[in-house]
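So this one's structure_16.pdb, PDB, N, CA and C atoms:
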MODEL        1
ATOM      1  N   MET A  21      -4.116 -22.170  28.246
ATOM      2  CA  MET A  21      -4.275 -21.272  27.117
ATOM      3  C   MET A  21      -5.627 -21.570  26.459
ATOM      4  N   SER A  22      -6.385 -20.534  26.147
ATOM      5  CA  SER A  22      -7.706 -20.715  25.556
ATOM      6  C   SER A  22      -7.587 -21.180  24.103
ATOM      7  N   ASN A  23      -8.690 -21.704  23.576
ATOM      8  CA  ASN A  23      -8.712 -22.139  22.180
ATOM      9  C   ASN A  23      -8.387 -20.988  21.240
ATOM     10  N   LEU A  24      -8.899 -19.808  21.575
ATOM     11  CA  LEU A  24      -8.610 -18.638  20.748
ATOM     12  C   LEU A  24      -7.116 -18.366  20.725
ATOM     13  N   ASN A  25      -6.481 -18.382  21.887
ATOM     14  CA  ASN A  25      -5.046 -18.104  21.943
ATOM     15  C   ASN A  25      -4.238 -19.134  21.171
ATOM     16  N   VAL A  26      -4.642 -20.403  21.258
ATOM     17  CA  VAL A  26      -3.942 -21.463  20.524
ATOM     18  C   VAL A  26      -4.111 -21.237  19.025
ATOM     19  N   SER A  27      -5.348 -20.989  18.583
ATOM     20  CA  SER A  27      -5.609 -20.762  17.161
ATOM     21  C   SER A  27      -4.870 -19.528  16.659
ATOM     22  N   LEU A  28      -4.884 -18.480  17.455
ATOM     23  CA  LEU A  28      -4.195 -17.254  17.072
ATOM     24  C   LEU A  28      -2.690 -17.481  16.984
ATOM     25  N   ALA A  29      -2.131 -18.158  17.973
ATOM     26  CA  ALA A  29      -0.690 -18.440  17.967
ATOM     27  C   ALA A  29      -0.304 -19.262  16.743
ATOM     28  N   GLU A  30      -1.118 -20.259  16.398
ATOM     29  CA  GLU A  30      -0.840 -21.065  15.210
ATOM     30  C   GLU A  30      -0.907 -20.225  13.941
ATOM     31  N   ALA A  31      -1.922 -19.409  13.832
ATOM     32  CA  ALA A  31      -2.071 -18.574  12.641
ATOM     33  C   ALA A  31      -0.880 -17.637  12.484
ATOM     34  N   LEU A  32      -0.449 -17.043  13.574
ATOM     35  CA  LEU A  32       0.692 -16.124  13.501
ATOM     36  C   LEU A  32       1.991 -16.874  13.235
ATOM     37  N   GLN A  33       2.146 -18.050  13.848
ATOM     38  CA  GLN A  33       3.360 -18.840  13.648
ATOM     39  C   GLN A  33       3.549 -19.218  12.183
ATOM     40  N   TYR A  34       2.451 -19.567  11.537
ATOM     41  CA  TYR A  34       2.522 -19.977  10.135
ATOM     42  C   TYR A  34       2.240 -18.835   9.166
ATOM     43  N   ARG A  35       2.269 -17.619   9.706
ATOM     44  CA  ARG A  35       2.114 -16.398   8.919
ATOM     45  C   ARG A  35       0.800 -16.349   8.149
ATOM     46  N   ARG A  36      -0.231 -16.867   8.769
ATOM     47  CA  ARG A  36      -1.573 -16.768   8.199
ATOM     48  C   ARG A  36      -2.232 -15.557   8.849
ATOM     49  N   TYR A  37      -1.777 -14.391   8.418
ATOM     50  CA  TYR A  37      -2.179 -13.157   9.076
ATOM     51  C   TYR A  37      -3.653 -12.819   8.862
ATOM     52  N   ARG A  38      -4.167 -13.123   7.710
ATOM     53  CA  ARG A  38      -5.580 -12.838   7.480
ATOM     54  C   ARG A  38      -6.457 -13.709   8.378
ATOM     55  N   ALA A  39      -6.058 -14.958   8.554
ATOM     56  CA  ALA A  39      -6.803 -15.838   9.462
ATOM     57  C   ALA A  39      -6.726 -15.303  10.889
ATOM     58  N   ALA A  40      -5.555 -14.830  11.281
ATOM     59  CA  ALA A  40      -5.393 -14.257  12.623
ATOM     60  C   ALA A  40      -6.271 -13.024  12.782
ATOM     61  N   THR A  41      -6.313 -12.206  11.757
ATOM     62  CA  THR A  41      -7.144 -11.005  11.797
ATOM     63  C   THR A  41      -8.613 -11.360  11.957
ATOM     64  N   ASN A  42      -9.063 -12.335  11.185
ATOM     65  CA  ASN A  42     -10.469 -12.745  11.284
ATOM     66  C   ASN A  42     -10.788 -13.291  12.676
ATOM     67  N   LEU A  43      -9.888 -14.084  13.235
ATOM     68  CA  LEU A  43     -10.093 -14.603  14.596
ATOM     69  C   LEU A  43     -10.217 -13.461  15.597
ATOM     70  N   LEU A  44      -9.331 -12.501  15.495
ATOM     71  CA  LEU A  44      -9.345 -11.381  16.433
ATOM     72  C   LEU A  44     -10.595 -10.526  16.274
ATOM     73  N   LYS A  45     -10.977 -10.232  15.039
ATOM     74  CA  LYS A  45     -12.166  -9.411  14.825
ATOM     75  C   LYS A  45     -13.421 -10.113  15.342
ATOM     76  N   GLU A  46     -13.535 -11.419  15.082
ATOM     77  CA  GLU A  46     -14.679 -12.171  15.583
ATOM     78  C   GLU A  46     -14.698 -12.196  17.109
ATOM     79  N   ALA A  47     -13.531 -12.399  17.702
ATOM     80  CA  ALA A  47     -13.456 -12.450  19.160
ATOM     81  C   ALA A  47     -13.796 -11.096  19.778
ATOM     82  N   LEU A  48     -13.294 -10.028  19.190
ATOM     83  CA  LEU A  48     -13.600  -8.692  19.708
ATOM     84  C   LEU A  48     -15.084  -8.385  19.577
ATOM     85  N   PHE A  49     -15.668  -8.762  18.451
ATOM     86  CA  PHE A  49     -17.097  -8.519  18.256
ATOM     87  C   PHE A  49     -17.922  -9.302  19.278
ATOM     88  N   ALA A  50     -17.616 -10.582  19.424
ATOM     89  CA  ALA A  50     -18.357 -11.416  20.372
ATOM     90  C   ALA A  50     -18.184 -10.900  21.794
ATOM     91  N   ALA A  51     -16.973 -10.532  22.131
ATOM     92  CA  ALA A  51     -16.717 -10.027  23.482
ATOM     93  C   ALA A  51     -17.450  -8.709  23.714
ATOM     94  N   SER A  52     -17.512  -7.865  22.704
ATOM     95  CA  SER A  52     -18.234  -6.599  22.834
ATOM     96  C   SER A  52     -19.718  -6.837  23.050
ATOM     97  N   GLU A  53     -20.254  -7.830  22.345
ATOM     98  CA  GLU A  53     -21.668  -8.159  22.491
ATOM     99  C   GLU A  53     -22.010  -8.529  23.936
ATOM    100  N   TYR A  54     -21.098  -9.249  24.573
ATOM    101  CA  TYR A  54     -21.340  -9.715  25.938
ATOM    102  C   TYR A  54     -20.695  -8.809  26.990
ATOM    103  N   ARG A  55     -20.044  -7.740  26.522
ATOM    104  CA  ARG A  55     -19.361  -6.803  27.424
ATOM    105  C   ARG A  55     -18.349  -7.515  28.322
ATOM    106  N   ARG A  56     -17.675  -8.517  27.771
ATOM    107  CA  ARG A  56     -16.677  -9.270  28.522
ATOM    108  C   ARG A  56     -15.407  -9.338  27.686
ATOM    109  N   ILE A  57     -14.730  -8.251  27.601
ATOM    110  CA  ILE A  57     -13.531  -8.179  26.774
ATOM    111  C   ILE A  57     -12.300  -8.231  27.673
ATOM    112  N   ASP A  58     -11.428  -9.151  27.364
ATOM    113  CA  ASP A  58     -10.157  -9.273  28.067
ATOM    114  C   ASP A  58      -9.190  -8.275  27.440
ATOM    115  N   ILE A  59      -8.528  -7.502  28.250
ATOM    116  CA  ILE A  59      -7.597  -6.492  27.743
ATOM    117  C   ILE A  59      -6.477  -7.136  26.926
ATOM    118  N   GLU A  60      -6.123  -8.383  27.245
ATOM    119  CA  GLU A  60      -5.090  -9.088  26.483
ATOM    120  C   GLU A  60      -5.540  -9.321  25.037
ATOM    121  N   LEU A  61      -6.815  -9.608  24.848
ATOM    122  CA  LEU A  61      -7.360  -9.772  23.500
ATOM    123  C   LEU A  61      -7.216  -8.471  22.713
ATOM    124  N   ILE A  62      -7.517  -7.370  23.358
ATOM    125  CA  ILE A  62      -7.373  -6.061  22.710
ATOM    126  C   ILE A  62      -5.909  -5.819  22.355
ATOM    127  N   ASN A  63      -5.016  -6.144  23.266
ATOM    128  CA  ASN A  63      -3.587  -5.940  23.012
ATOM    129  C   ASN A  63      -3.083  -6.807  21.864
ATOM    130  N   GLN A  64      -3.574  -8.054  21.778
ATOM    131  CA  GLN A  64      -3.179  -8.930  20.673
ATOM    132  C   GLN A  64      -3.651  -8.354  19.341
ATOM    133  N   ALA A  65      -4.882  -7.899  19.312
ATOM    134  CA  ALA A  65      -5.419  -7.313  18.082
ATOM    135  C   ALA A  65      -4.613  -6.077  17.691
ATOM    136  N   ASN A  66      -4.257  -5.266  18.661
ATOM    137  CA  ASN A  66      -3.463  -4.075  18.398
ATOM    138  C   ASN A  66      -2.090  -4.443  17.826
ATOM    139  N   SER A  67      -1.485  -5.498  18.355
ATOM    140  CA  SER A  67      -0.178  -5.943  17.856
ATOM    141  C   SER A  67      -0.250  -6.412  16.414
ATOM    142  N   VAL A  68      -1.297  -7.143  16.075
ATOM    143  CA  VAL A  68      -1.452  -7.604  14.691
ATOM    144  C   VAL A  68      -1.718  -6.411  13.771
ATOM    145  N   ALA A  69      -2.492  -5.448  14.238
ATOM    146  CA  ALA A  69      -2.737  -4.241  13.440
ATOM    147  C   ALA A  69      -1.424  -3.502  13.171
ATOM    148  N   LYS A  70      -0.573  -3.404  14.182
ATOM    149  CA  LYS A  70       0.736  -2.756  14.001
ATOM    150  C   LYS A  70       1.583  -3.498  12.975
ATOM    151  N   MET A  71       1.496  -4.843  13.004
ATOM    152  CA  MET A  71       2.240  -5.640  12.046
ATOM    153  C   MET A  71       1.759  -5.349  10.623
ATOM    154  N   PHE A  72       0.430  -5.283  10.442
ATOM    155  CA  PHE A  72      -0.106  -4.953   9.118
ATOM    156  C   PHE A  72       0.354  -3.563   8.679
ATOM    157  N   TYR A  73       0.335  -2.618   9.586
ATOM    158  CA  TYR A  73       0.771  -1.258   9.258
ATOM    159  C   TYR A  73       2.236  -1.269   8.809
ATOM    160  N   ALA A  74       3.076  -1.984   9.537
ATOM    161  CA  ALA A  74       4.502  -2.056   9.202
ATOM    162  C   ALA A  74       4.731  -2.696   7.836
ATOM    163  N   GLN A  75       3.814  -3.567   7.417
ATOM    164  CA  GLN A  75       3.928  -4.231   6.120
ATOM    165  C   GLN A  75       3.166  -3.482   5.016
ATOM    166  N   SER A  76       2.706  -2.287   5.335
ATOM    167  CA  SER A  76       1.946  -1.451   4.397
ATOM    168  C   SER A  76       0.630  -2.098   3.963
ATOM    169  N   GLU A  77       0.084  -2.948   4.802
ATOM    170  CA  GLU A  77      -1.237  -3.557   4.572
ATOM    171  C   GLU A  77      -2.260  -2.668   5.281
ATOM    172  N   TYR A  78      -2.475  -1.489   4.713
ATOM    173  CA  TYR A  78      -3.230  -0.451   5.396
ATOM    174  C   TYR A  78      -4.712  -0.781   5.590
ATOM    175  N   GLN A  79      -5.321  -1.444   4.636
ATOM    176  CA  GLN A  79      -6.739  -1.782   4.799
ATOM    177  C   GLN A  79      -6.933  -2.754   5.961
ATOM    178  N   GLN A  80      -6.064  -3.748   6.052
ATOM    179  CA  GLN A  80      -6.146  -4.716   7.147
ATOM    180  C   GLN A  80      -5.869  -4.024   8.488
ATOM    181  N   ALA A  81      -4.866  -3.161   8.504
ATOM    182  CA  ALA A  81      -4.528  -2.439   9.730
ATOM    183  C   ALA A  81      -5.687  -1.560  10.177
ATOM    184  N   ALA A  82      -6.289  -0.839   9.238
ATOM    185  CA  ALA A  82      -7.393   0.058   9.587
ATOM    186  C   ALA A  82      -8.573  -0.715  10.159
ATOM    187  N   ALA A  83      -8.894  -1.858   9.555
ATOM    188  CA  ALA A  83     -10.025  -2.657  10.049
ATOM    189  C   ALA A  83      -9.784  -3.123  11.480
ATOM    190  N   LEU A  84      -8.582  -3.575  11.755
ATOM    191  CA  LEU A  84      -8.285  -4.024  13.116
ATOM    192  C   LEU A  84      -8.216  -2.858  14.092
ATOM    193  N   TYR A  85      -7.613  -1.760  13.684
ATOM    194  CA  TYR A  85      -7.560  -0.595  14.571
ATOM    195  C   TYR A  85      -8.963  -0.104  14.925
ATOM    196  N   ARG A  86      -9.886  -0.170  13.978
ATOM    197  CA  ARG A  86     -11.267   0.223  14.286
ATOM    198  C   ARG A  86     -11.873  -0.705  15.342
ATOM    199  N   SER A  87     -11.630  -2.003  15.192
ATOM    200  CA  SER A  87     -12.140  -2.970  16.170
ATOM    201  C   SER A  87     -11.508  -2.751  17.537
ATOM    202  N   VAL A  88     -10.217  -2.503  17.552
ATOM    203  CA  VAL A  88      -9.503  -2.240  18.810
ATOM    204  C   VAL A  88     -10.060  -0.994  19.475
ATOM    205  N   LEU A  89     -10.249   0.044  18.684
ATOM    206  CA  LEU A  89     -10.749   1.310  19.218
ATOM    207  C   LEU A  89     -12.123   1.137  19.864
ATOM    208  N   LEU A  90     -13.011   0.458  19.187
ATOM    209  CA  LEU A  90     -14.348   0.216  19.732
ATOM    210  C   LEU A  90     -14.282  -0.592  21.030
ATOM    211  N   ALA A  91     -13.477  -1.632  21.023
ATOM    212  CA  ALA A  91     -13.345  -2.470  22.224
ATOM    213  C   ALA A  91     -12.749  -1.671  23.383
ATOM    214  N   GLN A  92     -11.718  -0.883  23.100
ATOM    215  CA  GLN A  92     -11.108  -0.071  24.163
ATOM    216  C   GLN A  92     -12.101   0.922  24.737
ATOM    217  N   GLN A  93     -12.882   1.550  23.883
ATOM    218  CA  GLN A  93     -13.868   2.507  24.376
ATOM    219  C   GLN A  93     -14.882   1.821  25.284
ATOM    220  N   ASN A  94     -15.285   0.610  24.925
ATOM    221  CA  ASN A  94     -16.237  -0.128  25.752
ATOM    222  C   ASN A  94     -15.644  -0.542  27.092
ATOM    223  N   VAL A  95     -14.391  -0.944  27.086
ATOM    224  CA  VAL A  95     -13.757  -1.473  28.301
ATOM    225  C   VAL A  95     -13.126  -0.370  29.148
ATOM    226  N   LEU A  96     -12.399   0.522  28.497
ATOM    227  CA  LEU A  96     -11.587   1.498  29.229
ATOM    228  C   LEU A  96     -12.244   2.865  29.362
ATOM    229  N   GLY A  97     -13.198   3.151  28.492
ATOM    230  CA  GLY A  97     -13.810   4.472  28.474
ATOM    231  C   GLY A  97     -13.119   5.359  27.452
ATOM    232  N   ALA A  98     -13.865   6.300  26.922
ATOM    233  CA  ALA A  98     -13.370   7.146  25.837
ATOM    234  C   ALA A  98     -12.198   8.042  26.231
ATOM    235  N   ASP A  99     -12.042   8.326  27.523
ATOM    236  CA  ASP A  99     -10.990   9.247  27.961
ATOM    237  C   ASP A  99      -9.679   8.555  28.324
ATOM    238  N   HIS A 100      -9.598   7.248  28.141
ATOM    239  CA  HIS A 100      -8.387   6.508  28.522
ATOM    240  C   HIS A 100      -7.255   6.796  27.529
ATOM    241  N   PRO A 101      -6.008   6.884  28.007
ATOM    242  CA  PRO A 101      -4.864   7.160  27.118
ATOM    243  C   PRO A 101      -4.685   6.128  26.002
ATOM    244  N   ASP A 102      -5.018   4.860  26.263
ATOM    245  CA  ASP A 102      -4.887   3.847  25.212
ATOM    246  C   ASP A 102      -5.848   4.117  24.057
ATOM    247  N   VAL A 103      -7.007   4.685  24.359
ATOM    248  CA  VAL A 103      -7.966   5.045  23.314
ATOM    249  C   VAL A 103      -7.369   6.156  22.451
ATOM    250  N   ALA A 104      -6.727   7.110  23.077
ATOM    251  CA  ALA A 104      -6.074   8.184  22.322
ATOM    252  C   ALA A 104      -4.968   7.617  21.424
ATOM    253  N   ASP A 105      -4.199   6.667  21.941
ATOM    254  CA  ASP A 105      -3.153   6.030  21.130
ATOM    255  C   ASP A 105      -3.762   5.317  19.926
ATOM    256  N   SER A 106      -4.868   4.622  20.148
ATOM    257  CA  SER A 106      -5.522   3.902  19.050
ATOM    258  C   SER A 106      -6.078   4.859  18.004
ATOM    259  N   LEU A 107      -6.616   5.978  18.456
ATOM    260  CA  LEU A 107      -7.079   6.999  17.509
ATOM    261  C   LEU A 107      -5.915   7.508  16.662
ATOM    262  N   ALA A 108      -4.778   7.707  17.297
ATOM    263  CA  ALA A 108      -3.589   8.166  16.570
ATOM    264  C   ALA A 108      -3.124   7.100  15.576
ATOM    265  N   ASN A 109      -3.160   5.829  15.978
ATOM    266  CA  ASN A 109      -2.772   4.750  15.064
ATOM    267  C   ASN A 109      -3.701   4.704  13.852
ATOM    268  N   LEU A 110      -4.999   4.815  14.104
ATOM    269  CA  LEU A 110      -5.966   4.807  13.011
ATOM    270  C   LEU A 110      -5.757   6.026  12.113
ATOM    271  N   ARG A 111      -5.512   7.172  12.705
ATOM    272  CA  ARG A 111      -5.234   8.392  11.923
ATOM    273  C   ARG A 111      -4.032   8.171  11.009
ATOM    274  N   ASP A 112      -2.977   7.557  11.539
ATOM    275  CA  ASP A 112      -1.770   7.324  10.744
ATOM    276  C   ASP A 112      -2.054   6.419   9.547
ATOM    277  N   VAL A 113      -2.821   5.368   9.781
ATOM    278  CA  VAL A 113      -3.172   4.450   8.702
ATOM    279  C   VAL A 113      -3.999   5.178   7.644
ATOM    280  N   LEU A 114      -4.985   5.932   8.094
ATOM    281  CA  LEU A 114      -5.837   6.653   7.151
ATOM    282  C   LEU A 114      -5.038   7.687   6.373
ATOM    283  N   TRP A 115      -4.092   8.326   7.028
ATOM    284  CA  TRP A 115      -3.235   9.302   6.350
ATOM    285  C   TRP A 115      -2.430   8.612   5.239
ATOM    286  N   GLU A 116      -1.913   7.424   5.539
ATOM    287  CA  GLU A 116      -1.127   6.679   4.546
ATOM    288  C   GLU A 116      -1.955   6.323   3.316
ATOM    289  N   THR A 117      -3.246   6.132   3.502
ATOM    290  CA  THR A 117      -4.107   5.760   2.379
ATOM    291  C   THR A 117      -4.708   6.975   1.689
ATOM    292  N   GLY A 118      -4.461   8.162   2.245
ATOM    293  CA  GLY A 118      -5.020   9.375   1.665
ATOM    294  C   GLY A 118      -6.436   9.651   2.084
ATOM    295  N   CYS A 119      -6.941   8.872   3.017
ATOM    296  CA  CYS A 119      -8.303   9.044   3.497
ATOM    297  C   CYS A 119      -8.310  10.157   4.548
ATOM    298  N   THR A 120      -9.278  11.039   4.458
ATOM    299  CA  THR A 120      -9.338  12.158   5.414
ATOM    300  C   THR A 120     -10.443  12.017   6.435
ATOM    301  N   THR A 121     -11.269  10.963   6.304
ATOM    302  CA  THR A 121     -12.340  10.739   7.282
ATOM    303  C   THR A 121     -12.255   9.306   7.798
ATOM    304  N   PRO A 122     -12.471   9.093   9.081
ATOM    305  CA  PRO A 122     -12.319   7.761   9.677
ATOM    306  C   PRO A 122     -13.540   6.857   9.533
ATOM    307  N   SER A 123     -14.323   7.001   8.505
ATOM    308  CA  SER A 123     -15.566   6.241   8.350
ATOM    309  C   SER A 123     -15.406   4.742   8.441
TER     310      SER A 123
ENDMDL
END
Translate this file's structure into C-alpha coordinates.
Amino acid sequence: MSNLNVSLAEALQYRRYRAATNLLKEALFAASEYRRIDIELINQANSVAKMFYAQSEYQQAAALYRSVLLAQQNVLGADHPDVADSLANLRDVLWETGCTTPS
(Lines of atoms letter the chains of each structure in order from A and count residues from 1; the text may use other names and numbers.)
(Lines give C-alpha, C1' and ligand atoms only; values in the text may rest on other atoms or scores of the structure.)
Protein backbone atom coordinates (compact mmCIF):
# COMPACT_ATOMS: atom_id res chain seq x y z
CA MET A 1 0.00 0.00 0.00
CA SER A 2 1.41 3.41 -0.95
CA ASN A 3 2.05 6.17 1.58
CA LEU A 4 -0.86 8.10 0.13
CA ASN A 5 -3.22 5.16 0.62
CA VAL A 6 -2.05 4.66 4.20
CA SER A 7 -2.43 8.38 5.01
CA LEU A 8 -5.82 8.49 3.32
CA ALA A 9 -7.04 5.37 5.12
CA GLU A 10 -5.94 6.83 8.47
CA ALA A 11 -7.62 10.15 7.78
CA LEU A 12 -10.88 8.46 6.83
CA GLN A 13 -10.71 6.00 9.74
CA TYR A 14 -10.42 8.84 12.23
CA ARG A 15 -12.98 10.93 10.37
CA ARG A 16 -10.52 13.63 9.43
CA TYR A 17 -12.36 14.30 6.22
CA ARG A 18 -10.81 17.65 5.46
CA ALA A 19 -7.34 16.14 5.76
CA ALA A 20 -8.43 13.33 3.43
CA THR A 21 -9.77 15.87 0.97
CA ASN A 22 -6.53 17.84 0.99
CA LEU A 23 -4.51 14.65 0.43
CA LEU A 24 -6.68 13.67 -2.50
CA LYS A 25 -6.67 17.11 -4.11
CA GLU A 26 -2.88 17.36 -3.80
CA ALA A 27 -2.43 13.87 -5.21
CA LEU A 28 -4.77 14.53 -8.13
CA PHE A 29 -3.02 17.80 -8.91
CA ALA A 30 0.44 16.24 -8.78
CA ALA A 31 -0.68 13.28 -10.85
CA SER A 32 -2.24 15.59 -13.43
CA GLU A 33 0.99 17.54 -13.68
CA TYR A 34 2.88 14.36 -14.55
CA ARG A 35 0.00 12.81 -16.53
CA ARG A 36 0.27 9.70 -14.34
CA ILE A 37 -3.07 9.36 -12.66
CA ASP A 38 -4.15 6.04 -11.21
CA ILE A 39 -7.86 5.44 -11.77
CA GLU A 40 -8.08 4.17 -8.18
CA LEU A 41 -7.00 7.60 -6.93
CA ILE A 42 -9.80 9.17 -8.96
CA ASN A 43 -12.28 6.66 -7.56
CA GLN A 44 -11.18 7.37 -3.98
CA ALA A 45 -11.59 11.10 -4.50
CA ASN A 46 -15.03 10.51 -6.01
CA SER A 47 -16.06 8.41 -2.99
CA VAL A 48 -15.01 11.12 -0.55
CA ALA A 49 -16.86 13.72 -2.63
CA LYS A 50 -20.01 11.56 -2.44
CA MET A 51 -19.58 11.35 1.33
CA PHE A 52 -19.39 15.15 1.58
CA TYR A 53 -22.48 15.47 -0.60
CA ALA A 54 -24.40 13.02 1.60
CA GLN A 55 -23.43 15.10 4.65
CA SER A 56 -24.56 18.33 2.94
CA GLU A 57 -20.96 19.59 2.86
CA TYR A 58 -21.55 21.01 -0.60
CA GLN A 59 -18.50 23.26 -0.88
CA GLN A 60 -16.16 20.38 -0.05
CA ALA A 61 -18.03 18.06 -2.41
CA ALA A 62 -17.92 20.57 -5.26
CA ALA A 63 -14.17 21.13 -4.86
CA LEU A 64 -13.46 17.42 -5.01
CA TYR A 65 -15.88 16.79 -7.87
CA ARG A 66 -14.09 19.49 -9.87
CA SER A 67 -10.74 17.78 -9.23
CA VAL A 68 -12.20 14.39 -10.14
CA LEU A 69 -13.71 15.78 -13.32
CA LEU A 70 -10.44 17.31 -14.46
CA ALA A 71 -8.50 14.13 -13.70
CA GLN A 72 -11.05 11.95 -15.49
CA GLN A 73 -10.96 14.15 -18.56
CA ASN A 74 -7.17 13.89 -18.65
CA VAL A 75 -7.11 10.12 -18.18
CA LEU A 76 -10.32 8.87 -19.78
CA GLY A 77 -11.14 11.58 -22.30
CA ALA A 78 -14.06 13.97 -22.34
CA ASP A 79 -16.45 11.48 -23.97
CA HIS A 80 -16.10 8.75 -21.33
CA PRO A 81 -19.29 7.81 -19.38
CA ASP A 82 -17.54 8.38 -16.03
CA VAL A 83 -16.91 11.99 -17.05
CA ALA A 84 -20.62 12.40 -17.74
CA ASP A 85 -21.41 10.93 -14.30
CA SER A 86 -19.00 13.38 -12.67
CA LEU A 87 -20.57 16.29 -14.52
CA ALA A 88 -23.96 15.16 -13.21
CA ASN A 89 -22.58 14.89 -9.66
CA LEU A 90 -21.13 18.39 -9.87
CA ARG A 91 -24.41 19.69 -11.31
CA ASP A 92 -26.30 18.17 -8.38
CA VAL A 93 -24.00 19.80 -5.84
CA LEU A 94 -24.23 23.16 -7.56
CA TRP A 95 -28.01 22.86 -7.73
CA GLU A 96 -28.12 22.23 -3.96
CA THR A 97 -26.17 25.43 -3.36
CA GLY A 98 -28.28 27.47 -5.77
CA CYS A 99 -25.35 28.03 -8.07
CA THR A 100 -26.25 28.05 -11.76
CA THR A 101 -22.74 28.12 -13.24
CA PRO A 102 -19.98 25.54 -12.66
CA SER A 103 -17.19 28.12 -12.26
Item checked: Matched chain/residue IDs from the PyMOL selection byres ((chain A and resi 82) around 7), as a PyMOL selection string -> chain A and resi 69+73+77-81+83-87+110+113-114
Next item on the list: To one decimal in Å, tell me the separation between atom CA of A:Leu44 and atom C of A:Ala65.
Entry: 7.2 Å
Checklist line | Straight-line distance linking atom C of A:Asn66 with atom CA of A:Ser106, stated in Å to one decimal | finding: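 Between these atoms lies a distance of 9.1 Å.
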Checklist line | alpha helix (DSSP H) positions in stretch 74-115 of chain A, given as a PyMOL selection string | finding: chain A and resi 74+78-96+101-115
Notebook entry, point to check: What is the atom CA of A:Ser76-atom CA of A:Asp102 distance in Å, reported with one decimal?
Noted result: 22.5 Å
Checklist line | Nearest candidate to A:Tyr37 (options A:Val68, A:Leu96, A:Cys119, A:Ile62; using only N, CA and C atoms) | finding: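 Counting only N, CA and C atoms, the residue closest to A:Tyr37 is A:Val68.
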Next item on the list: Using only C-alpha atoms, find the one residue out of A:Pro101, A:Asn109, A:Val95, A:Glu116 that sits nearest to A:Asp58.
Entry: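 Answer, going by the shortest atom-to-atom distance: A:Val95.
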Margin query: Given only C-alpha atoms as the basis, pick out the residue of A:Phe72, A:Gln92, A:Gln64, A:Ile59 nearest to A:Arg38.
Written below: A:Phe72
